[in-house]
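Below is the file start-v9.cif, which contains mmCIF, C-alpha atoms.
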```cif
data_upload
loop_
_atom_site.label_atom_id
_atom_site.label_comp_id
_atom_site.auth_asym_id
_atom_site.auth_seq_id
_atom_site.Cartn_x
_atom_site.Cartn_y
_atom_site.Cartn_z
CA MET A 10 -21.92 6.24 -49.68
CA PRO A 11 -19.20 8.20 -47.86
CA VAL A 12 -20.30 11.58 -46.51
CA SER A 13 -16.95 13.38 -46.78
CA ARG A 14 -13.26 12.95 -46.04
CA VAL A 15 -11.87 13.80 -42.60
CA LEU A 16 -8.26 14.14 -41.52
CA LEU A 17 -7.44 12.25 -38.33
CA ILE A 18 -4.16 13.18 -36.63
CA ALA A 19 -3.27 10.17 -34.53
CA GLY A 20 0.00 10.77 -32.71
CA TYR A 21 1.39 7.94 -30.60
CA GLY A 22 0.61 6.30 -27.24
CA GLY A 23 -2.73 7.29 -25.72
CA HIS A 24 -3.25 9.93 -28.41
CA SER A 25 -3.42 7.18 -31.02
CA GLY A 26 -6.08 5.51 -28.88
CA PHE A 27 -8.26 8.62 -28.96
CA ALA A 28 -7.80 8.83 -32.73
CA TYR A 29 -8.59 5.15 -33.19
CA THR A 30 -11.81 5.51 -31.20
CA ILE A 31 -13.07 8.53 -33.14
CA GLY A 32 -12.07 6.89 -36.42
CA TYR A 33 -13.82 3.66 -35.49
CA TYR A 34 -17.15 5.42 -34.99
CA LEU A 35 -16.73 7.67 -38.04
CA VAL A 36 -16.05 4.73 -40.36
CA LYS A 37 -19.21 3.04 -39.06
CA LYS A 38 -21.07 6.17 -40.22
CA GLY A 39 -19.59 6.00 -43.72
CA VAL A 40 -16.91 8.69 -43.39
CA GLU A 41 -13.66 8.24 -45.30
CA LEU A 42 -10.49 9.01 -43.37
CA ASP A 43 -6.97 10.17 -44.06
CA ILE A 44 -4.84 9.38 -41.01
CA LEU A 45 -1.55 10.92 -39.95
CA VAL A 46 0.88 8.89 -37.83
CA PRO A 47 4.45 9.67 -36.75
CA LYS A 48 7.25 8.24 -38.86
CA GLY A 49 8.87 5.22 -37.23
CA TYR A 50 5.87 4.20 -35.12
CA ASP A 51 5.00 1.13 -37.17
CA TRP A 52 2.68 -0.40 -34.57
CA VAL A 53 0.56 2.78 -34.65
CA LYS A 54 0.45 2.65 -38.44
CA GLU A 55 -0.64 -0.99 -38.34
CA LYS A 56 -3.26 -0.32 -35.68
CA LEU A 57 -4.92 2.51 -37.61
CA GLY A 58 -4.37 1.16 -41.12
CA GLY A 59 -7.73 -0.57 -41.23
CA LEU A 60 -9.60 2.70 -40.79
CA GLY A 61 -8.37 4.65 -43.82
CA GLU A 62 -5.45 5.92 -45.85
CA VAL A 63 -2.40 6.32 -43.61
CA TYR A 64 0.28 8.99 -44.14
CA GLU A 65 3.46 9.40 -42.13
CA VAL A 66 4.75 12.77 -40.94
CA THR A 67 7.84 13.60 -38.91
CA LEU A 68 7.36 13.75 -35.15
CA PRO A 69 8.66 17.23 -34.16
CA ARG A 70 9.54 16.47 -30.55
CA ARG A 71 10.35 12.99 -29.33
CA PRO A 72 9.17 11.80 -25.91
CA ALA A 73 10.89 13.65 -23.04
CA GLU A 74 13.24 15.42 -25.45
CA PRO A 75 14.33 19.05 -24.82
CA LEU A 76 12.51 21.42 -27.17
CA TYR A 77 15.65 22.81 -28.80
CA LYS A 78 16.79 19.39 -30.05
CA GLY A 79 13.80 19.08 -32.36
CA ILE A 80 13.97 22.45 -34.14
CA ALA A 81 14.92 20.94 -37.51
CA ARG A 82 12.16 18.34 -37.20
CA TRP A 83 9.60 21.08 -36.56
CA PHE A 84 10.45 22.64 -39.93
CA GLN A 85 10.34 19.21 -41.56
CA ALA A 86 6.93 18.42 -40.04
CA PHE A 87 5.50 21.74 -41.24
CA GLY A 88 6.85 21.15 -44.75
CA GLU A 89 5.34 17.68 -44.93
CA SER A 90 2.03 19.00 -43.58
CA VAL A 91 1.92 21.74 -46.24
CA LYS A 92 2.37 19.13 -48.94
CA LEU A 93 -0.43 16.98 -47.57
CA CYS A 94 -2.91 19.81 -47.05
CA ARG A 95 -2.07 21.41 -50.40
CA ASN A 96 -3.32 18.29 -52.15
CA ASN A 97 -6.37 17.74 -49.95
CA LYS A 98 -9.13 19.96 -48.58
CA TYR A 99 -10.53 18.69 -45.31
CA PRO A 100 -13.71 20.25 -43.93
CA VAL A 101 -12.88 18.75 -40.52
CA VAL A 102 -9.56 17.89 -38.90
CA PHE A 103 -9.54 15.94 -35.64
CA ALA A 104 -6.26 16.30 -33.72
CA SER A 105 -5.78 13.83 -30.91
CA GLY A 106 -3.23 15.94 -29.03
CA SER A 107 0.57 15.99 -28.45
CA ASN A 108 3.11 18.10 -30.33
CA PHE A 109 2.58 15.88 -33.38
CA SER A 110 -0.83 17.49 -33.88
CA ILE A 111 0.39 21.07 -34.09
CA PRO A 112 1.99 21.38 -37.58
CA PRO A 113 -0.78 19.68 -39.60
CA SER A 114 -3.50 21.38 -37.55
CA LEU A 115 -2.04 24.83 -38.14
CA VAL A 116 -1.53 24.24 -41.86
CA CYS A 117 -5.08 22.94 -42.33
CA TRP A 118 -6.47 25.77 -40.18
CA LEU A 119 -4.88 28.26 -42.59
CA LYS A 120 -6.80 26.47 -45.36
CA ASP A 121 -10.08 27.01 -43.46
CA SER A 122 -10.46 23.50 -42.07
CA ARG A 123 -12.45 23.27 -38.87
CA ILE A 124 -10.10 22.01 -36.16
CA LEU A 125 -11.33 19.75 -33.37
CA THR A 126 -9.09 18.42 -30.61
CA ILE A 127 -9.31 16.67 -27.25
CA GLU A 128 -7.78 17.12 -23.82
CA ASP A 129 -6.09 14.22 -22.07
CA VAL A 130 -8.36 12.07 -19.93
CA ALA A 131 -6.09 12.38 -16.88
CA ARG A 132 -5.93 16.19 -16.65
CA PHE A 133 -8.09 17.94 -14.06
CA THR A 134 -5.94 20.82 -12.78
CA ARG A 135 -3.69 21.88 -15.67
CA ARG A 136 -4.03 21.97 -19.47
CA SER A 137 -1.80 19.98 -21.78
CA ARG A 138 0.44 22.23 -23.87
CA ALA A 139 -0.54 21.15 -27.40
CA THR A 140 -4.28 21.17 -26.73
CA SER A 141 -4.02 24.58 -25.08
CA ILE A 142 -2.20 26.00 -28.11
CA LEU A 143 -4.87 24.75 -30.51
CA TYR A 144 -7.65 26.00 -28.20
CA ARG A 145 -6.17 29.51 -28.20
CA LEU A 146 -6.19 29.44 -32.00
CA GLY A 147 -9.90 28.68 -31.98
CA ALA A 148 -10.03 24.89 -32.08
CA GLU A 149 -13.01 23.21 -30.46
CA VAL A 150 -11.85 21.11 -27.52
CA PHE A 151 -13.64 17.97 -26.38
CA LEU A 152 -13.46 17.03 -22.72
CA HIS A 153 -13.91 13.71 -20.94
CA TRP A 154 -15.21 15.04 -17.63
CA ASP A 155 -17.30 17.95 -16.32
CA GLU A 156 -14.41 18.95 -14.06
CA GLN A 157 -12.33 19.82 -17.13
CA LEU A 158 -14.63 22.75 -17.90
CA GLN A 159 -12.63 24.73 -15.35
CA LEU A 160 -9.70 24.40 -17.77
CA TYR A 161 -11.63 25.19 -20.97
CA ARG A 162 -14.58 27.54 -20.66
CA ARG A 163 -15.60 26.78 -24.26
CA GLY A 164 -14.93 23.06 -23.94
CA ILE A 165 -17.46 20.42 -24.98
CA VAL A 166 -17.97 17.55 -22.55
CA ALA A 167 -18.29 14.36 -24.60
CA GLY A 168 -17.66 11.81 -21.86
CA PRO A 169 -14.61 9.55 -21.49
CA VAL A 170 -13.18 8.45 -24.84
CA TYR A 171 -11.90 4.88 -24.76
CA GLU A 172 -11.18 2.26 -27.37
CA PRO A 173 -14.20 0.00 -27.97
CA ALA A 174 -13.80 -3.71 -27.32
CA ILE A 175 -12.93 -5.82 -30.35
CA TYR A 176 -12.74 -9.16 -28.52
CA GLU A 177 -14.96 -10.95 -26.04
CA SER A 178 -13.71 -10.45 -22.50
CA ARG A 179 -12.51 -13.68 -20.87
CA ASP A 180 -10.22 -14.81 -18.04
CA GLU A 181 -7.16 -16.79 -19.10
CA GLY A 182 -5.52 -16.51 -15.70
CA TYR A 183 -2.65 -14.09 -16.37
CA ILE A 184 -1.78 -10.58 -15.21
CA LEU A 185 -1.11 -8.18 -18.07
CA VAL A 186 1.56 -5.58 -17.29
CA THR A 187 1.65 -2.91 -19.99
CA THR A 188 3.09 0.58 -19.71
CA GLY A 189 3.00 2.04 -23.19
CA THR A 190 5.80 3.42 -25.31
CA PHE A 191 8.11 4.42 -22.45
CA GLY A 192 7.90 1.28 -20.33
CA HIS A 193 8.47 1.25 -16.56
CA LYS A 194 11.65 -0.61 -15.54
CA ALA A 195 11.17 -0.17 -11.78
CA LEU A 196 7.75 -1.80 -12.00
CA PHE A 197 9.05 -4.62 -14.20
CA ASP A 198 11.86 -5.36 -11.75
CA MET A 199 9.36 -5.43 -8.89
CA LEU A 200 7.45 -8.26 -10.60
CA ASP A 201 10.29 -10.59 -9.63
CA ARG A 202 9.28 -10.11 -6.01
CA LEU A 203 5.63 -11.05 -6.37
CA GLU A 204 4.31 -14.32 -5.03
CA PRO A 205 5.77 -17.15 -7.14
CA GLY A 206 3.64 -18.93 -9.70
CA ARG A 207 1.84 -15.92 -11.14
CA LYS A 208 1.32 -15.97 -14.90
CA ILE A 209 2.58 -12.71 -16.41
CA VAL A 210 2.23 -11.14 -19.86
CA LEU A 211 4.66 -8.22 -20.02
CA GLN A 212 4.80 -5.46 -22.65
CA THR A 213 8.00 -3.48 -22.06
CA GLY A 214 7.89 -0.58 -24.55
CA ASP A 215 11.36 0.88 -25.01
CA VAL A 216 12.74 -1.05 -22.01
CA ASP A 217 14.92 -3.99 -23.10
CA PRO A 218 12.78 -7.15 -22.80
CA GLU A 219 15.68 -9.63 -22.90
CA PRO A 220 16.53 -9.69 -19.15
CA TYR A 221 12.90 -10.56 -18.32
CA LYS A 222 12.77 -13.25 -20.98
CA ARG A 223 15.93 -14.83 -19.56
CA ARG A 224 14.82 -14.69 -15.94
CA HIS A 225 11.26 -15.81 -16.70
CA PRO A 226 11.01 -18.09 -19.72
CA GLU A 227 7.51 -18.97 -18.54
CA TRP A 228 6.33 -15.37 -19.06
CA ILE A 229 5.15 -13.90 -22.35
CA VAL A 230 7.33 -10.82 -22.97
CA PHE A 231 7.34 -8.41 -25.92
CA GLN A 232 8.18 -4.76 -26.58
CA TYR A 233 5.30 -3.51 -28.73
CA THR A 234 2.11 -4.77 -30.28
CA SER A 235 -0.50 -3.28 -32.58
CA ASP A 236 -3.13 -5.43 -30.85
CA ILE A 237 -2.95 -4.86 -27.10
CA HIS A 238 -6.70 -5.58 -27.03
CA LYS A 239 -6.02 -9.30 -27.47
CA TRP A 240 -3.99 -9.34 -24.27
CA ILE A 241 -6.36 -7.10 -22.32
CA ALA A 242 -9.34 -9.29 -23.27
CA GLY A 243 -7.79 -12.44 -21.80
CA ALA A 244 -6.30 -10.95 -18.63
CA SER A 245 -7.46 -11.59 -15.07
CA LEU A 246 -6.09 -8.19 -14.09
CA VAL A 247 -4.26 -5.32 -15.82
CA ILE A 248 -1.38 -3.33 -14.31
CA THR A 249 -0.63 -0.18 -16.29
CA HIS A 250 0.87 3.27 -15.93
CA TYR A 251 -0.44 6.60 -14.80
CA PRO A 252 -0.76 8.81 -16.76
CA GLY A 253 -2.04 6.72 -19.66
CA THR A 254 -5.17 5.54 -21.42
CA THR A 255 -4.82 1.76 -21.24
CA ALA A 256 -6.63 1.85 -17.89
CA LEU A 257 -9.74 3.17 -19.66
CA THR A 258 -9.73 0.46 -22.32
CA ALA A 259 -9.17 -2.31 -19.78
CA ARG A 260 -11.73 -1.02 -17.29
CA LEU A 261 -14.49 0.44 -19.43
CA SER A 262 -14.33 -1.76 -22.54
CA TYR A 263 -13.35 -5.10 -21.01
CA SER A 264 -14.49 -4.68 -17.36
CA LYS A 265 -11.07 -5.74 -16.03
CA PRO A 266 -9.72 -5.00 -12.56
CA VAL A 267 -6.99 -2.40 -13.02
CA ILE A 268 -4.03 -1.12 -11.04
CA MET A 269 -2.47 2.17 -12.17
CA VAL A 270 1.13 2.75 -11.11
CA TYR A 271 2.74 6.18 -11.25
CA SER A 272 5.36 6.39 -14.00
CA PRO A 273 8.01 9.13 -13.75
CA ARG A 274 8.77 8.68 -17.46
CA HIS A 275 5.18 9.76 -18.25
CA LYS A 276 5.19 12.72 -15.85
CA LEU A 277 4.71 15.31 -18.61
CA ALA A 278 1.46 13.66 -19.74
CA ALA A 279 -0.59 14.78 -16.72
CA PRO A 280 -0.16 16.28 -13.23
CA ARG A 281 0.75 13.64 -10.67
CA GLY A 282 -1.90 14.86 -8.25
CA ASP A 283 -4.73 14.27 -10.73
CA SER A 284 -4.24 10.51 -10.40
CA ILE A 285 -6.59 10.10 -7.44
CA THR A 286 -9.48 11.75 -9.30
CA LEU A 287 -9.01 9.55 -12.34
CA ALA A 288 -8.71 6.37 -10.25
CA ARG A 289 -11.94 7.21 -8.44
CA LYS A 290 -13.81 7.82 -11.68
CA LEU A 291 -12.62 4.53 -13.17
CA GLY A 292 -12.99 2.41 -10.06
CA VAL A 293 -9.35 1.30 -10.10
CA ILE A 294 -6.47 1.22 -7.63
CA TYR A 295 -3.68 3.79 -7.89
CA LEU A 296 -0.20 3.25 -6.48
CA ASP A 297 2.02 6.31 -6.21
CA SER A 298 5.06 4.18 -5.36
CA ILE A 299 5.93 0.52 -5.88
CA GLU A 300 6.55 -1.92 -3.05
CA PRO A 301 5.98 -5.70 -3.13
CA VAL A 302 3.54 -5.61 -0.22
CA SER A 303 1.43 -2.76 -1.64
CA LEU A 304 1.40 -4.35 -5.09
CA GLU A 305 0.28 -7.73 -3.73
CA GLU A 306 -2.40 -5.98 -1.67
CA ALA A 307 -3.59 -4.06 -4.74
CA ILE A 308 -3.80 -7.28 -6.76
CA ARG A 309 -6.15 -8.69 -4.10
CA GLU A 310 -8.27 -5.54 -3.76
CA ALA A 311 -8.66 -4.42 -7.39
CA PRO A 312 -11.32 -7.05 -8.30
CA LEU A 313 -13.48 -5.85 -5.40
CA LEU A 314 -13.96 -2.29 -6.68
CA LYS A 315 -17.24 -1.26 -8.29
CA LEU A 316 -17.25 -1.06 -12.08
CA PRO A 317 -18.47 2.33 -13.43
CA LYS A 318 -20.49 2.69 -16.60
CA TYR A 319 -20.03 5.50 -19.12
CA ARG A 320 -21.20 6.00 -22.65
CA ASN A 321 -18.15 6.19 -24.91
CA GLY A 322 -17.45 9.85 -25.65
CA GLY A 323 -16.09 8.79 -29.03
CA GLU A 324 -19.66 8.16 -30.19
CA TYR A 325 -20.64 11.70 -29.22
CA ILE A 326 -17.65 13.20 -31.05
CA ALA A 327 -18.36 11.17 -34.19
CA GLU A 328 -21.98 12.38 -34.14
CA TYR A 329 -20.75 15.97 -33.69
CA ILE A 330 -18.47 15.64 -36.71
CA MET A 331 -21.33 14.19 -38.76
CA ARG A 332 -23.44 17.25 -37.98
CA ILE A 333 -20.61 19.49 -39.23
CA LEU A 334 -20.25 17.48 -42.42
CA ARG A 335 -23.98 17.71 -43.08
CA GLY A 336 -23.94 21.46 -42.53
CA ALA A 337 -25.77 21.39 -39.22
CA GLY A 338 -22.77 21.96 -36.93
#
```
Entire entry expressed as structure tokens:
Amino acid sequence: MPVSRVLLIAGYGGHSGFAYTIGYYLVKKGVELDILVPKGYDWVKEKLGGLGEVYEVTLPRRPAEPLYKGIARWFQAFGESVKLCRNNKYPVVFASGSNFSIPPSLVCWLKDSRILTIEDVARFTRRSRATSILYRLGAEVFLHWDEQLQLYRRGIVAGPVYEPAIYESRDEGYILVTTGTFGHKALFDMLDRLEPGRKIVLQTGDVDPEPYKRRHPEWIVFQYTSDIHKWIAGASLVITHYPGTTALTARLSYSKPVIMVYSPRHKLAAPRGDSITLARKLGVIYLDSIEPVSLEEAIREAPLLKLPKYRNGGEYIAEYIMRILRGAG
């Protein structure tokens, strides 16, 4: 029988991955979930739909958008959050970060919900804005690494949170290049200059996929997918962006060699200088700039790096939430 109902605020990109992971472990423990996703992010809705009842709320600030442009959407998001929380009483709300988390978290906090949130996995020297706001309001903040305690004195180290594997890992001989919602055009263009004959699966995000389809009909090219796991599971190697969470899923869930490439379009997600620390912890290669020679060299070296082992922090967080629901938290 279900223990209680929890509100999961999913966001988009890597934030949805954190939410998916916590939700996955909570559902296994019999918890019923209501899940908030941003309007218009259909692949996020599809990804999380199997875990509970999904509701859509306006995203206040779009990626890389100036704050002033989203003022009307902030009011809209708060209004939609009031409506949701007026009809439901959640003992626990888990907010996975980003500006999307703020309106529903604040509304539920005013109704005495206990707010839990999580810092980004790639931050070691500076807090993310949304998580810091919720922390100052009294939210409990989960951390991936001991080093993040210098950012949050009251933080709770759960261990790295990464999406659990849902397929058997195998090697189908292709390189998966996936850079999230924003894409990474400079990286995609550089793929043309790799050694010929490489099999490529390319997920472009909001970068137009058509030029790559025309130039490389032998590649598999698509913009978005609700099931990136399928492509990670079959890859020989994964090239992804920093900052981002795909590297964790590929490395820790599927034991894949990984190359992280700095993405200027993701620069607000984490400090650029924190990349080296994250790469060391994951046993992956990090490239701060893209050149054909360095990329080819990284493709050769990535499979040689030692694979680390971590317990999934999502399990710890799910257990923590269960203790709250049972009155022991």
Item to check | Pick from A:Ala28, A:Ala131, A:Ile248, A:Val166, whichever lies nearest to Tyr183 in chain A using only C-alpha atoms | outcome: A:Ile248
Next on the checklist: Can you translate the PyMOL selection byres ((chain A and resi 116) around 12) into the concrete residues it hits in this file, as a ChimeraX atom specification?
Outcome noted: /A:86-95,97-99,102,110-115,117-124,143
Next on the checklist: Which residues, named as in the file, does the PyMOL selection byres ((chain A and resi 254) around 8) pick out? Answer as a ChimeraX atom specification.
Outcome noted: /A:23,26,130,171,252-253,255-258
Item to check | Residues matched by the PyMOL selection byres ((chain A and resi 317-331) around 6), written as a VMD selection string | outcome: chain A and resid 30 to 31 34 to 35 167 to 170 316 332 to 334
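For the pair CA of Ala259 in chain A and CA of Val186 in chain A, the interatomic distance is 11.5 Å.
Note that CA of Val293 in chain A and CA of Gly164 in chain A are 26.4 Å apart.
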Checklist outcome for this item: Using only C-alpha atoms, the shortest atom-to-atom distance to Phe197 in chain A among A:Lys239, A:Lys315, A:Arg132, A:His250 belongs to A:His250
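Between CA of Tyr33 in chain A and CA of Leu16 in chain A the separation is 13.3 Å.
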Checklist entry - Contacts of range 219-234 of chain A at 6 Å or less, counting all atoms listed in the file, minus same-chain residues fewer than 6 places along, as a PyMOL selection string? => result chain A and resi 209-213
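In this comparison, which uses all atoms listed in the file, the residue of A:Val150, A:Val53, A:Val270, A:Leu60 approaching Ser235 in chain A most closely is A:Val53.
Counting all atoms listed in the file, the residue from A:Pro205, A:Glu310, A:Gly282, A:Tyr50 that sits nearest to Arg135 in chain A is A:Gly282.
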Item to check | Using all atoms listed in the file: which of A:Arg289, A:Lys38, A:Val247, A:Asp283 has the shortest distance to Ala307 in chain A | outcome: A:Val247
Name all residues at most 7 Å from range 43-47 of chain A (count all atoms listed in the file; drop same-chain ones fewer than 2 positions away) and give them as an mmCIF file with C-alpha atoms, in the coordinates of the input.
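Output saved as selection33.cif:
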```cif
data_model
loop_
_atom_site.group_PDB
_atom_site.id
_atom_site.type_symbol
_atom_site.label_atom_id
_atom_site.label_comp_id
_atom_site.auth_asym_id
_atom_site.auth_seq_id
_atom_site.Cartn_x
_atom_site.Cartn_y
_atom_site.Cartn_z
ATOM 1 C CA VAL A 15 -11.870 13.800 -42.600
ATOM 2 C CA LEU A 16 -8.260 14.140 -41.520
ATOM 3 C CA LEU A 17 -7.440 12.250 -38.330
ATOM 4 C CA ILE A 18 -4.160 13.180 -36.630
ATOM 5 C CA ALA A 19 -3.270 10.170 -34.530
ATOM 6 C CA GLY A 20 0.000 10.770 -32.710
ATOM 7 C CA GLY A 49 8.870 5.220 -37.230
ATOM 8 C CA TYR A 50 5.870 4.200 -35.120
ATOM 9 C CA VAL A 53 0.560 2.780 -34.650
ATOM 10 C CA LYS A 54 0.450 2.650 -38.440
ATOM 11 C CA GLY A 61 -8.370 4.650 -43.820
ATOM 12 C CA GLU A 62 -5.450 5.920 -45.850
ATOM 13 C CA VAL A 63 -2.400 6.320 -43.610
ATOM 14 C CA TYR A 64 0.280 8.990 -44.140
ATOM 15 C CA GLU A 65 3.460 9.400 -42.130
ATOM 16 C CA VAL A 66 4.750 12.770 -40.940
ATOM 17 C CA THR A 67 7.840 13.600 -38.910
ATOM 18 C CA LEU A 68 7.360 13.750 -35.150
#
```
Checklist entry - Got a sec: who's within 7 Å of Tyr295 in chain A, counting only C-alpha atoms, leaving out chain neighbours fewer than 3 positions off, as number ranges by chain? => result A: 268-270, 285, 288
